[in-house]
file model21.cif (mmCIF, C-alpha atoms (C1' of nucleotides))
data_coords
#
loop_
_atom_site.label_atom_id
_atom_site.label_comp_id
_atom_site.auth_asym_id
_atom_site.auth_seq_id
_atom_site.Cartn_x
_atom_site.Cartn_y
_atom_site.Cartn_z
CA MET A 12 -34.51 7.61 60.67
CA THR A 13 -31.86 4.94 60.13
CA MET A 14 -32.33 1.30 59.23
CA THR A 15 -30.02 -1.39 60.55
CA ASP A 16 -28.93 -3.81 57.86
CA SER A 17 -30.63 -7.20 57.93
CA SER A 18 -32.86 -5.97 60.73
CA ASN A 19 -35.72 -8.15 59.50
CA ASP A 20 -36.49 -11.05 57.19
CA HIS A 21 -37.12 -8.81 54.23
CA ALA A 22 -33.85 -6.95 54.32
CA GLY A 23 -31.89 -9.56 52.39
CA LEU A 24 -34.51 -9.76 49.71
CA ARG A 25 -34.82 -6.02 49.48
CA GLN A 26 -31.08 -5.67 49.06
CA ALA A 27 -30.95 -8.34 46.37
CA GLU A 28 -33.78 -6.56 44.62
CA ALA A 29 -31.98 -3.23 44.84
CA GLU A 30 -28.87 -4.81 43.35
CA SER A 31 -30.88 -6.25 40.47
CA PHE A 32 -32.38 -2.80 39.79
CA GLU A 33 -28.91 -1.31 39.87
CA GLY A 34 -27.62 -3.97 37.51
CA SER A 35 -30.45 -3.41 35.04
CA ILE A 36 -29.87 0.30 34.94
CA ARG A 37 -26.11 -0.01 34.71
CA SER A 38 -26.16 -2.59 31.94
CA ALA A 39 -28.51 -0.37 29.99
CA GLY A 40 -25.62 2.12 29.92
CA LEU A 41 -27.28 4.57 32.28
CA LYS A 42 -26.03 6.08 35.50
CA VAL A 43 -27.52 4.63 38.64
CA THR A 44 -29.39 7.31 40.57
CA ALA A 45 -31.91 7.33 43.37
CA PRO A 46 -34.83 8.50 41.20
CA ARG A 47 -34.07 5.76 38.68
CA LEU A 48 -33.96 3.06 41.32
CA ALA A 49 -37.17 4.37 42.81
CA VAL A 50 -38.99 4.44 39.45
CA LEU A 51 -37.82 0.93 38.64
CA ARG A 52 -39.00 -0.36 42.01
CA ALA A 53 -42.37 1.40 41.66
CA LEU A 54 -42.78 -0.01 38.18
CA THR A 55 -42.07 -3.50 39.49
CA ASP A 56 -44.74 -3.12 42.16
CA MET A 57 -47.31 -1.47 39.92
CA PRO A 58 -46.98 -2.26 36.24
CA HIS A 59 -49.19 -0.39 33.73
CA SER A 60 -48.87 2.83 35.72
CA ASN A 61 -48.76 6.30 34.28
CA ALA A 62 -46.11 8.92 35.03
CA ASP A 63 -48.23 10.59 37.65
CA ALA A 64 -48.94 7.40 39.61
CA LEU A 65 -45.26 6.51 39.51
CA PHE A 66 -44.42 10.02 40.65
CA GLY A 67 -46.67 9.47 43.66
CA ALA A 68 -45.03 6.17 44.52
CA VAL A 69 -41.53 7.53 44.01
CA ARG A 70 -42.16 10.64 46.07
CA ALA A 71 -43.27 8.47 49.01
CA GLY A 72 -39.78 7.07 49.39
CA LEU A 73 -37.80 9.93 47.88
CA PRO A 74 -39.60 13.18 48.68
CA GLY A 75 -37.49 15.65 46.70
CA THR A 76 -38.17 13.99 43.34
CA SER A 77 -39.85 16.09 40.65
CA LEU A 78 -42.43 14.93 38.16
CA GLN A 79 -40.12 16.03 35.36
CA ALA A 80 -37.46 13.72 36.74
CA VAL A 81 -39.93 10.84 36.53
CA TYR A 82 -40.68 11.76 32.92
CA GLY A 83 -36.95 11.94 32.28
CA VAL A 84 -36.31 8.57 33.87
CA LEU A 85 -39.17 6.95 31.96
CA GLY A 86 -37.92 8.49 28.74
CA SER A 87 -34.38 7.22 29.15
CA PHE A 88 -35.61 3.80 30.31
CA THR A 89 -37.86 3.54 27.28
CA THR A 90 -35.09 4.56 24.91
CA ALA A 91 -32.74 2.09 26.58
CA GLY A 92 -35.30 -0.70 26.19
CA LEU A 93 -35.59 -1.14 29.93
CA VAL A 94 -39.29 -0.38 30.01
CA ARG A 95 -42.09 -0.39 27.51
CA ARG A 96 -44.53 2.45 27.01
CA ILE A 97 -48.09 1.78 25.92
CA GLU A 98 -50.76 4.33 25.10
CA PRO A 99 -54.26 2.91 25.11
CA ALA A 100 -56.75 5.30 23.50
CA GLY A 101 -58.01 7.87 25.97
CA SER A 102 -55.32 7.08 28.52
CA PRO A 103 -52.06 8.79 29.35
CA ALA A 104 -48.97 6.70 28.59
CA LEU A 105 -48.55 3.61 30.77
CA PHE A 106 -45.27 1.88 31.54
CA GLU A 107 -44.23 -1.67 32.31
CA ARG A 108 -41.00 -3.57 32.85
CA ARG A 109 -42.01 -6.55 30.74
CA VAL A 110 -40.16 -5.92 27.48
CA GLY A 111 -38.94 -7.82 24.46
CA ASP A 112 -41.66 -10.45 24.41
CA ASN A 113 -44.20 -8.74 22.16
CA HIS A 114 -47.10 -9.37 24.49
CA HIS A 115 -50.35 -7.49 24.28
CA HIS A 116 -52.89 -5.84 26.57
CA ILE A 117 -56.48 -6.08 27.61
CA VAL A 118 -58.12 -2.96 28.98
CA CYS A 119 -61.37 -2.65 30.90
CA THR A 120 -63.59 0.00 29.31
CA ARG A 121 -65.22 0.69 32.67
CA CYS A 122 -62.47 0.75 35.30
CA ASN A 123 -59.47 1.08 32.97
CA VAL A 124 -57.55 -1.78 34.59
CA VAL A 125 -54.88 -3.20 32.25
CA HIS A 126 -53.65 -6.77 32.07
CA ASP A 127 -51.05 -8.50 29.96
CA VAL A 128 -52.14 -11.08 27.43
CA ASP A 129 -49.88 -13.27 25.41
CA CYS A 130 -49.81 -13.38 21.67
CA ALA A 131 -53.18 -14.15 20.18
CA VAL A 132 -52.61 -16.80 17.54
CA GLY A 133 -49.59 -19.05 17.32
CA HIS A 134 -46.18 -17.52 17.74
CA ALA A 135 -45.93 -14.21 15.89
CA PRO A 136 -49.65 -13.58 15.82
CA CYS A 137 -50.93 -10.49 14.21
CA LEU A 138 -47.50 -9.63 12.89
CA THR A 139 -48.63 -10.43 9.36
CA PRO A 140 -51.44 -8.21 8.15
CA SER A 141 -53.61 -9.49 5.32
CA ASP A 142 -52.00 -6.92 3.06
CA ALA A 143 -49.05 -4.89 4.29
CA LEU A 144 -49.43 -2.40 1.42
CA GLY A 145 -45.72 -2.33 0.80
CA PHE A 146 -44.90 -1.55 4.42
CA ASP A 147 -41.94 -3.09 6.16
CA VAL A 148 -43.82 -4.18 9.27
CA ARG A 149 -41.74 -4.07 12.43
CA ALA A 150 -44.27 -4.41 15.22
CA ALA A 151 -47.89 -5.25 15.85
CA GLU A 152 -49.67 -3.81 18.80
CA VAL A 153 -52.91 -5.40 19.94
CA ILE A 154 -55.27 -3.95 22.49
CA TYR A 155 -58.36 -5.85 23.54
CA TRP A 156 -61.20 -3.82 24.99
CA GLY A 157 -63.87 -5.27 27.23
CA LEU A 158 -65.29 -5.54 30.72
CA CYS A 159 -63.14 -7.07 33.43
CA ALA A 160 -64.67 -9.77 35.63
CA GLN A 161 -65.39 -7.36 38.49
CA CYS A 162 -67.04 -4.77 36.24
CA GLN A 163 -69.22 -7.48 34.69
CA LEU A 164 -70.48 -8.27 38.19
CA ASP A 165 -70.88 -4.60 39.05
CA THR A 166 -72.88 -3.73 35.95
CA ALA A 167 -75.01 -6.87 36.33
CA SER A 168 -75.93 -5.93 39.90
CA GLN A 169 -76.62 -2.35 38.83
CA LEU A 170 -79.01 -3.54 36.16
CA ASP A 171 -80.58 -5.73 38.79
CA THR A 172 -81.07 -2.79 41.17
CA ALA A 173 -82.44 -0.69 38.32
CA SER A 174 -85.03 -3.29 37.34
CA GLN A 175 -86.05 -3.67 41.00
CA LEU A 176 -86.57 0.07 41.18
CA ASP A 177 -88.66 -0.11 38.01
CA THR A 178 -90.86 -2.71 39.63
CA ALA A 179 -91.03 -0.81 42.91
CA THR A 180 -92.13 2.47 41.29
CA PRO A 181 -95.07 1.74 38.97
CA MET B 19 -71.26 34.58 -4.57
CA THR B 20 -74.07 32.31 -5.78
CA MET B 21 -73.85 28.98 -7.59
CA THR B 22 -76.32 28.07 -10.33
CA ASP B 23 -77.65 24.55 -9.90
CA SER B 24 -76.30 21.95 -12.32
CA SER B 25 -73.98 24.56 -13.79
CA ASN B 26 -71.35 21.92 -14.53
CA ASP B 27 -70.84 18.17 -14.82
CA HIS B 28 -69.93 17.78 -11.16
CA ALA B 29 -72.98 19.53 -9.79
CA GLY B 30 -75.25 16.49 -9.89
CA LEU B 31 -72.68 14.33 -8.18
CA ARG B 32 -71.98 16.97 -5.58
CA GLN B 33 -75.64 17.28 -4.80
CA ALA B 34 -76.13 13.52 -4.50
CA GLU B 35 -73.14 13.44 -2.20
CA ALA B 36 -74.54 16.25 -0.08
CA GLU B 37 -77.83 14.40 0.22
CA SER B 38 -76.04 11.23 1.32
CA PHE B 39 -74.17 13.21 3.99
CA GLU B 40 -77.43 14.73 5.11
CA GLY B 41 -79.08 11.31 5.25
CA SER B 42 -76.24 9.82 7.29
CA ILE B 43 -76.39 12.61 9.84
CA ARG B 44 -80.17 12.59 10.04
CA SER B 45 -80.46 8.84 10.44
CA ALA B 46 -77.90 8.97 13.22
CA GLY B 47 -80.47 11.06 15.09
CA LEU B 48 -78.50 14.29 14.78
CA LYS B 49 -79.52 17.66 13.44
CA VAL B 50 -78.18 18.50 10.01
CA THR B 51 -75.96 21.59 10.19
CA ALA B 52 -73.41 23.19 7.92
CA PRO B 53 -70.40 22.35 10.15
CA ARG B 54 -71.51 18.71 10.30
CA LEU B 55 -71.89 18.44 6.55
CA ALA B 56 -68.51 20.09 6.09
CA VAL B 57 -66.77 17.74 8.54
CA LEU B 58 -68.34 14.69 6.95
CA ARG B 59 -67.25 15.83 3.50
CA ALA B 60 -63.72 16.59 4.70
CA LEU B 61 -63.52 13.20 6.38
CA THR B 62 -64.60 11.53 3.15
CA ASP B 63 -61.86 13.29 1.23
CA MET B 64 -59.16 12.79 3.84
CA PRO B 65 -59.63 9.81 6.11
CA HIS B 66 -57.28 9.35 9.11
CA SER B 67 -57.18 13.09 9.72
CA ASN B 68 -56.94 14.78 13.08
CA ALA B 69 -59.24 17.48 14.40
CA ASP B 70 -56.88 20.24 13.36
CA ALA B 71 -56.52 19.06 9.77
CA LEU B 72 -60.28 18.71 9.48
CA PHE B 73 -60.69 22.16 10.95
CA GLY B 74 -58.46 23.51 8.20
CA ALA B 75 -60.46 21.76 5.49
CA VAL B 76 -63.79 22.80 6.96
CA ARG B 77 -62.76 26.41 7.41
CA ALA B 78 -61.86 26.59 3.70
CA GLY B 79 -65.50 26.15 2.72
CA LEU B 80 -67.15 27.49 5.85
CA PRO B 81 -64.97 30.27 7.26
CA GLY B 82 -66.84 31.03 10.49
CA THR B 83 -66.41 27.52 11.90
CA SER B 84 -64.55 27.17 15.19
CA LEU B 85 -62.15 24.42 16.18
CA GLN B 86 -64.38 23.63 19.13
CA ALA B 87 -67.27 23.08 16.74
CA VAL B 88 -65.13 20.54 14.88
CA TYR B 89 -64.36 18.77 18.15
CA GLY B 90 -68.06 18.85 18.99
CA VAL B 91 -69.05 17.45 15.61
CA LEU B 92 -66.44 14.71 15.83
CA GLY B 93 -67.55 13.86 19.35
CA SER B 94 -71.20 13.52 18.42
CA PHE B 95 -70.36 11.62 15.23
CA THR B 96 -68.21 9.19 17.20
CA THR B 97 -70.91 8.69 19.84
CA ALA B 98 -73.48 8.17 17.11
CA GLY B 99 -71.27 5.57 15.42
CA LEU B 100 -70.96 7.67 12.29
CA VAL B 101 -67.19 7.91 12.50
CA ARG B 102 -64.47 5.97 14.21
CA ARG B 103 -61.75 7.54 16.31
CA ILE B 104 -58.31 5.96 16.49
CA GLU B 105 -55.40 7.07 18.62
CA PRO B 106 -52.06 5.65 17.52
CA ALA B 107 -49.39 6.14 20.18
CA GLY B 108 -47.78 9.56 19.93
CA SER B 109 -50.45 10.91 17.60
CA PRO B 110 -53.49 13.09 18.22
CA ALA B 111 -56.80 11.33 17.63
CA LEU B 112 -57.53 10.48 14.00
CA PHE B 113 -60.95 10.01 12.47
CA GLU B 114 -62.40 7.97 9.63
CA ARG B 115 -65.81 7.21 8.18
CA ARG B 116 -65.17 3.50 7.75
CA VAL B 117 -67.02 2.03 10.72
CA GLY B 118 -68.50 -1.25 11.83
CA ASP B 119 -66.13 -3.53 9.96
CA ASN B 120 -63.47 -3.98 12.63
CA HIS B 121 -60.60 -3.20 10.31
CA HIS B 122 -57.16 -2.28 11.53
CA HIS B 123 -54.40 0.20 10.76
CA ILE B 124 -50.83 0.33 9.66
CA VAL B 125 -48.80 3.40 10.58
CA CYS B 126 -45.47 4.54 9.19
CA THR B 127 -43.03 5.25 12.01
CA ARG B 128 -41.22 7.80 9.84
CA CYS B 129 -43.87 9.86 8.03
CA ASN B 130 -46.90 8.88 10.14
CA VAL B 131 -49.06 8.00 7.16
CA VAL B 132 -51.94 5.69 8.11
CA HIS B 133 -53.58 3.04 5.96
CA ASP B 134 -56.41 0.63 6.56
CA VAL B 135 -55.69 -3.07 6.72
CA ASP B 136 -58.25 -5.80 6.91
CA CYS B 137 -58.44 -8.34 9.65
CA ALA B 138 -55.25 -10.28 10.09
CA VAL B 139 -56.26 -13.93 10.32
CA GLY B 140 -59.56 -15.35 9.17
CA HIS B 141 -62.74 -13.53 9.99
CA ALA B 142 -62.68 -12.29 13.58
CA PRO B 143 -58.92 -12.32 13.89
CA CYS B 144 -57.37 -11.22 17.08
CA LEU B 145 -60.71 -11.07 18.81
CA THR B 146 -59.80 -14.10 20.88
CA PRO B 147 -56.81 -13.54 23.13
CA SER B 148 -54.94 -16.58 24.36
CA ASP B 149 -56.37 -15.94 27.80
CA ALA B 150 -59.02 -13.28 28.30
CA LEU B 151 -58.52 -13.36 32.09
CA GLY B 152 -62.25 -13.29 32.73
CA PHE B 153 -62.79 -10.25 30.53
CA ASP B 154 -65.82 -9.95 28.30
CA VAL B 155 -63.91 -8.93 25.18
CA ARG B 156 -65.81 -6.56 22.92
CA ALA B 157 -63.20 -5.26 20.52
CA ALA B 158 -59.67 -5.88 19.37
CA GLU B 159 -57.62 -3.04 18.05
CA VAL B 160 -54.54 -3.84 16.03
CA ILE B 161 -51.95 -1.31 14.97
CA TYR B 162 -49.05 -2.36 12.78
CA TRP B 163 -45.96 -0.21 12.89
CA GLY B 164 -43.41 -0.11 10.12
CA LEU B 165 -41.90 1.84 7.24
CA CYS B 166 -44.09 2.70 4.29
CA ALA B 167 -42.80 1.96 0.79
CA GLN B 168 -41.73 5.57 0.19
CA CYS B 169 -39.89 5.85 3.49
CA GLN B 170 -38.06 2.59 2.79
CA LEU B 171 -36.77 4.15 -0.41
CA ASP B 172 -35.95 7.43 1.31
CA THR B 173 -33.98 5.83 4.14
CA ALA B 174 -32.19 3.52 1.70
CA SER B 175 -31.02 6.46 -0.42
CA GLN B 176 -30.02 8.35 2.70
CA LEU B 177 -27.89 5.45 3.87
CA ASP B 178 -26.45 5.39 0.38
CA THR B 179 -25.56 9.08 0.53
CA ALA B 180 -24.11 8.62 4.00
CA SER B 181 -21.86 5.76 2.91
CA GLN B 182 -20.72 7.79 -0.09
CA LEU B 183 -19.82 10.63 2.25
CA ASP B 184 -17.94 8.17 4.44
CA THR B 185 -15.89 7.05 1.44
CA ALA B 186 -15.40 10.62 0.22
CA THR B 187 -14.00 11.86 3.55
CA PRO B 188 -11.28 9.45 4.69
"C1'" DG C 24 -94.59 30.84 12.78
"C1'" DA C 25 -93.60 30.13 17.67
"C1'" DA C 26 -91.71 26.92 20.90
"C1'" DT C 27 -88.42 23.59 21.89
"C1'" DT C 28 -84.40 21.40 21.54
"C1'" DG C 29 -79.92 20.93 20.25
"C1'" DT C 30 -75.70 23.10 18.21
"C1'" DC C 31 -72.18 26.62 17.64
"C1'" DT C 32 -69.24 30.53 19.13
"C1'" DT C 33 -66.37 32.59 22.32
"C1'" DG C 34 -63.33 32.38 25.95
"C1'" DA C 35 -61.16 30.00 29.53
"C1'" DA C 36 -59.30 25.85 31.69
"C1'" DT C 37 -57.19 21.33 31.99
"C1'" DT C 38 -54.27 17.37 31.15
"C1'" DA C 39 -50.20 15.26 29.74
"C1'" DC C 40 -46.16 16.26 28.41
"C1'" DT C 41 -41.77 18.80 26.71
"C1'" DC C 42 -38.02 22.29 26.75
"C1'" DA C 43 -34.16 24.90 28.75
"C1'" DA C 44 -30.87 26.61 32.12
"C1'" DA C 45 -28.57 26.12 36.13
"C1'" DA C 46 -27.49 23.12 40.19
"C1'" DC C 47 -25.97 18.79 41.27
"C1'" DA C 48 -24.33 13.91 41.43
"C1'" DA C 49 -22.26 9.62 39.33
"C1'" DA C 50 -18.66 7.61 36.95
"C1'" DT C 51 -13.79 8.20 35.22
"C1'" DG C 52 -8.95 9.31 35.41
"C1'" DC C 53 -5.22 10.59 38.17
"C1'" DG D 8 -9.30 10.12 47.73
"C1'" DC D 9 -10.00 14.08 44.79
"C1'" DA D 10 -10.75 16.68 40.53
"C1'" DT D 11 -12.82 16.29 36.06
"C1'" DT D 12 -16.11 15.04 32.88
"C1'" DT D 13 -20.37 13.66 31.72
"C1'" DG D 14 -24.93 12.89 32.52
"C1'" DT D 15 -29.06 13.73 35.58
"C1'" DT D 16 -32.24 16.36 38.31
"C1'" DT D 17 -34.53 20.62 39.76
"C1'" DT D 18 -36.90 24.63 38.81
"C1'" DG D 19 -39.64 27.24 35.99
"C1'" DA D 20 -41.88 28.01 31.89
"C1'" DG D 21 -44.20 26.54 27.65
"C1'" DT D 22 -46.97 23.73 24.34
"C1'" DA D 23 -50.40 20.63 22.09
"C1'" DA D 24 -54.63 18.47 22.24
"C1'" DT D 25 -58.66 18.52 24.18
"C1'" DT D 26 -62.57 19.77 27.32
"C1'" DC D 27 -65.81 22.84 29.82
"C1'" DA D 28 -69.27 26.50 30.24
"C1'" DA D 29 -72.38 30.36 29.07
"C1'" DG D 30 -74.81 32.68 25.99
"C1'" DA D 31 -76.16 33.29 21.02
"C1'" DC D 32 -78.14 31.02 17.42
"C1'" DA D 33 -80.24 27.58 14.24
"C1'" DA D 34 -82.78 23.20 13.15
"C1'" DT D 35 -86.69 20.56 14.01
"C1'" DT D 36 -91.30 20.13 16.13
"C1'" DC D 37 -95.81 21.57 17.19
#

call {"tool": "encode", "arguments": {"input": "model21.cif", "output": "structure tokens"}}
result
Amino acid sequence: MTMTDSSNDHAGLRQAEAESFEGSIRSAGLKVTAPRLAVLRALTDMPHSNADALFGAVRAGLPGTSLQAVYGVLGSFTTAGLVRRIEPAGSPALFERRVGDNHHHIVCTRCNVVHDVDCAVGHAPCLTPSDALGFDVRAAEVIYWGLCAQCQLDTASQLDTASQLDTATP
Amino acid sequence: MTMTDSSNDHAGLRQAEAESFEGSIRSAGLKVTAPRLAVLRALTDMPHSNADALFGAVRAGLPGTSLQAVYGVLGSFTTAGLVRRIEPAGSPALFERRVGDNHHHIVCTRCNVVHDVDCAVGHAPCLTPSDALGFDVRAAEVIYWGLCAQCQLDTASQLDTASQLDTATP
DNA sequence: GAATTGTCTTGAATTACTCAAAACAAATGC
DNA sequence: GCATTTGTTTTGAGTAATTCAAGACAATTC
């Protein structure tokens, strides 16, 4: 299947996007390859994804790609500072394109959705521990844990149903 | 081999300690078993240890114990709120007895040593993100990354040696 | 002291990830 | 353009940390 250039309204945008991906990869000192472009596009569409989810997205547009290639791409991107890797407890590593701004994350304990949150207090928030114990502190990583809005609703309605059942079965 | 009670100065202390371990386990609603006592003792001696390190320590005093038993003990202790599990990025899960005080951790990026640090700012420090995005925030986990005092010295002297080599080989 | 309940041992399986060698493709120099 | 160099991907295997399951066993309860 071939695609005529500028065949629809999105073509221009898509091409501009592709060029920006290419530029990012190239200026990170890495060779521009199809798997790399595909991973970068997938990561733009679905931030906070793990290697396996990205592999799925990449494979959709580039069938021959291996999972190891995705790991390789993510590794080189992370080393190059093109993507950031986070590892919330109990989760495989997640990746995002938002780098260099020291933002943090909030994770739902029920559905595992992840969102970005900006620095907690003032500018460089938790970067100063009460006592650094002689450490030369380079980074502070904050993860908030809680229930997302949807899961609050879901659990509330579950409790509701449960209490109704209690009443219904004396 | 048998051990006479109160045969040395440490015996009284050791017994008191054993009783406190027993009490902790019992009041957490768990059965008191030899592997559990051994894990709790090991964890007291070496906080921020992983399952494998604890297994090693436990096995020293209680040879028949299996690694799976250690995982089981740690799992039930964690569920019961008797120990806290932390998972710094790139590390297997670490365990500690200090629970319920919402303290944080500082990890050396070179030697992986972990220390406790108290809350960063004020009382409930980073517990309030700038924008919780509708989440019901229950916990904030902060990990500081940096070089410990010893590793600062080590890397400094290495740089020193390297520059000396540079000068020595023109 | 027997019954009940929960825990431990043994053995296997799973998940997430890494390593290595050969095939291949992108950038570089001619 | 085409060959070379360098870096990347594929294929296949391997590892670390952890979990699952069945039966044996031990701690509490009655």

call {"tool": "interface_residues", "arguments": {"input": "model21.cif", "of": "chain A", "to": "chain D", "cutoff": "12 Å", "atoms": "all atoms listed in the file", "output": "PDB file with C-alpha atoms, in the coordinates of the input"}}
result
ATOM      1  CA  GLY A  40     -25.620   2.120  29.920  1.00  0.00           C
ATOM      2  CA  LEU A  41     -27.280   4.570  32.280  1.00  0.00           C
ATOM      3  CA  LYS A  42     -26.030   6.080  35.500  1.00  0.00           C
ATOM      4  CA  VAL A  43     -27.520   4.630  38.640  1.00  0.00           C
ATOM      5  CA  THR A  44     -29.390   7.310  40.570  1.00  0.00           C
ATOM      6  CA  ALA A  45     -31.910   7.330  43.370  1.00  0.00           C
ATOM      7  CA  PRO A  46     -34.830   8.500  41.200  1.00  0.00           C
ATOM      8  CA  ARG A  47     -34.070   5.760  38.680  1.00  0.00           C
ATOM      9  CA  GLY A  75     -37.490  15.650  46.700  1.00  0.00           C
ATOM     10  CA  THR A  76     -38.170  13.990  43.340  1.00  0.00           C
ATOM     11  CA  SER A  77     -39.850  16.090  40.650  1.00  0.00           C
ATOM     12  CA  LEU A  78     -42.430  14.930  38.160  1.00  0.00           C
ATOM     13  CA  GLN A  79     -40.120  16.030  35.360  1.00  0.00           C
ATOM     14  CA  ALA A  80     -37.460  13.720  36.740  1.00  0.00           C
ATOM     15  CA  VAL A  81     -39.930  10.840  36.530  1.00  0.00           C
ATOM     16  CA  TYR A  82     -40.680  11.760  32.920  1.00  0.00           C
ATOM     17  CA  GLY A  83     -36.950  11.940  32.280  1.00  0.00           C
ATOM     18  CA  VAL A  84     -36.310   8.570  33.870  1.00  0.00           C
ATOM     19  CA  SER A  87     -34.380   7.220  29.150  1.00  0.00           C
ATOM     20  CA  GLY A 101     -58.010   7.870  25.970  1.00  0.00           C
TER      21      GLY A 101
END

call {"tool": "interface_residues", "arguments": {"input": "model21.cif", "of": "chain C", "to": "chain A", "cutoff": "10 Å", "atoms": "only C-alpha atoms (C1' of nucleotides)", "output": "list in words"}}
result
DT38, DA39, DC40, DT41, DA48, DA49 and DA50 of chain C

call {"tool": "resolve_selection", "arguments": {"input": "model21.cif", "expression": "the PyMOL selection byres ((chain B) within 8 of (chain A))", "output": "NGL selection string"}}
result
:B and (104-108 or 124 or 126 or 135-139 or 144-167 or 170)

call {"tool": "atom_distance", "arguments": {"input": "model21.cif", "atom1": "atom CA of Arg52 of chain A", "atom2": "atom CA of Phe66 of chain A"}}
result
11.8 Å

call {"tool": "closest_residue", "arguments": {"input": "model21.cif", "among": "A:Val110, A:Cys122, A:Ala68, A:Ala27", "to": "Leu54 of chain A", "atoms": "all atoms listed in the file"}}
result
A:Ala68

call {"tool": "atom_distance", "arguments": {"input": "model21.cif", "atom1": "atom CA of Gly99 of chain B", "atom2": "atom CA of Val125 of chain A"}}
result
25.1 Å

call {"tool": "build_atoms", "arguments": {"input": "model21.cif", "residues": "segment 52-64 of chain A", "atoms": "N, CA, C and O atoms", "output": "short mmCIF file (atom, residue, chain, number, x, y, z; two decimals), in the frame of the given file"}}
result
data_model
loop_
_atom_site.label_atom_id
_atom_site.label_comp_id
_atom_site.auth_asym_id
_atom_site.auth_seq_id
_atom_site.Cartn_x
_atom_site.Cartn_y
_atom_site.Cartn_z
N ARG A 52 -38.33 0.39 40.94
CA ARG A 52 -39.00 -0.36 42.01
C ARG A 52 -40.52 -0.15 41.93
O ARG A 52 -41.29 -1.10 42.00
N ALA A 53 -40.94 1.10 41.75
CA ALA A 53 -42.37 1.40 41.66
C ALA A 53 -43.00 0.66 40.49
O ALA A 53 -44.10 0.12 40.59
N LEU A 54 -42.27 0.63 39.39
CA LEU A 54 -42.78 -0.01 38.18
C LEU A 54 -42.89 -1.52 38.36
O LEU A 54 -43.75 -2.18 37.76
N THR A 55 -42.01 -2.08 39.20
CA THR A 55 -42.07 -3.50 39.49
C THR A 55 -43.31 -3.82 40.33
O THR A 55 -44.00 -4.80 40.09
N ASP A 56 -43.59 -2.94 41.27
CA ASP A 56 -44.74 -3.12 42.16
C ASP A 56 -46.06 -2.85 41.46
O ASP A 56 -47.07 -3.47 41.73
N MET A 57 -46.05 -1.85 40.57
CA MET A 57 -47.31 -1.47 39.92
C MET A 57 -47.13 -1.27 38.43
O MET A 57 -47.01 -0.14 37.96
N PRO A 58 -47.13 -2.38 37.69
CA PRO A 58 -46.98 -2.26 36.24
C PRO A 58 -48.23 -1.59 35.64
O PRO A 58 -49.27 -1.54 36.30
N HIS A 59 -48.10 -1.10 34.42
CA HIS A 59 -49.19 -0.39 33.73
C HIS A 59 -49.58 0.87 34.47
O HIS A 59 -50.77 1.21 34.54
N SER A 60 -48.60 1.55 35.05
CA SER A 60 -48.87 2.83 35.72
C SER A 60 -48.49 3.98 34.81
O SER A 60 -47.61 3.85 33.97
N ASN A 61 -49.13 5.11 35.03
CA ASN A 61 -48.76 6.30 34.28
C ASN A 61 -47.72 7.11 35.06
O ASN A 61 -47.43 6.80 36.22
N ALA A 62 -47.18 8.13 34.42
CA ALA A 62 -46.11 8.92 35.03
C ALA A 62 -46.53 9.50 36.37
O ALA A 62 -45.76 9.51 37.32
N ASP A 63 -47.76 9.95 36.44
CA ASP A 63 -48.23 10.59 37.65
C ASP A 63 -48.33 9.61 38.82
O ASP A 63 -47.95 9.94 39.95
N ALA A 64 -48.84 8.42 38.56
CA ALA A 64 -48.94 7.40 39.61
C ALA A 64 -47.55 7.00 40.07
O ALA A 64 -47.30 6.85 41.28
#
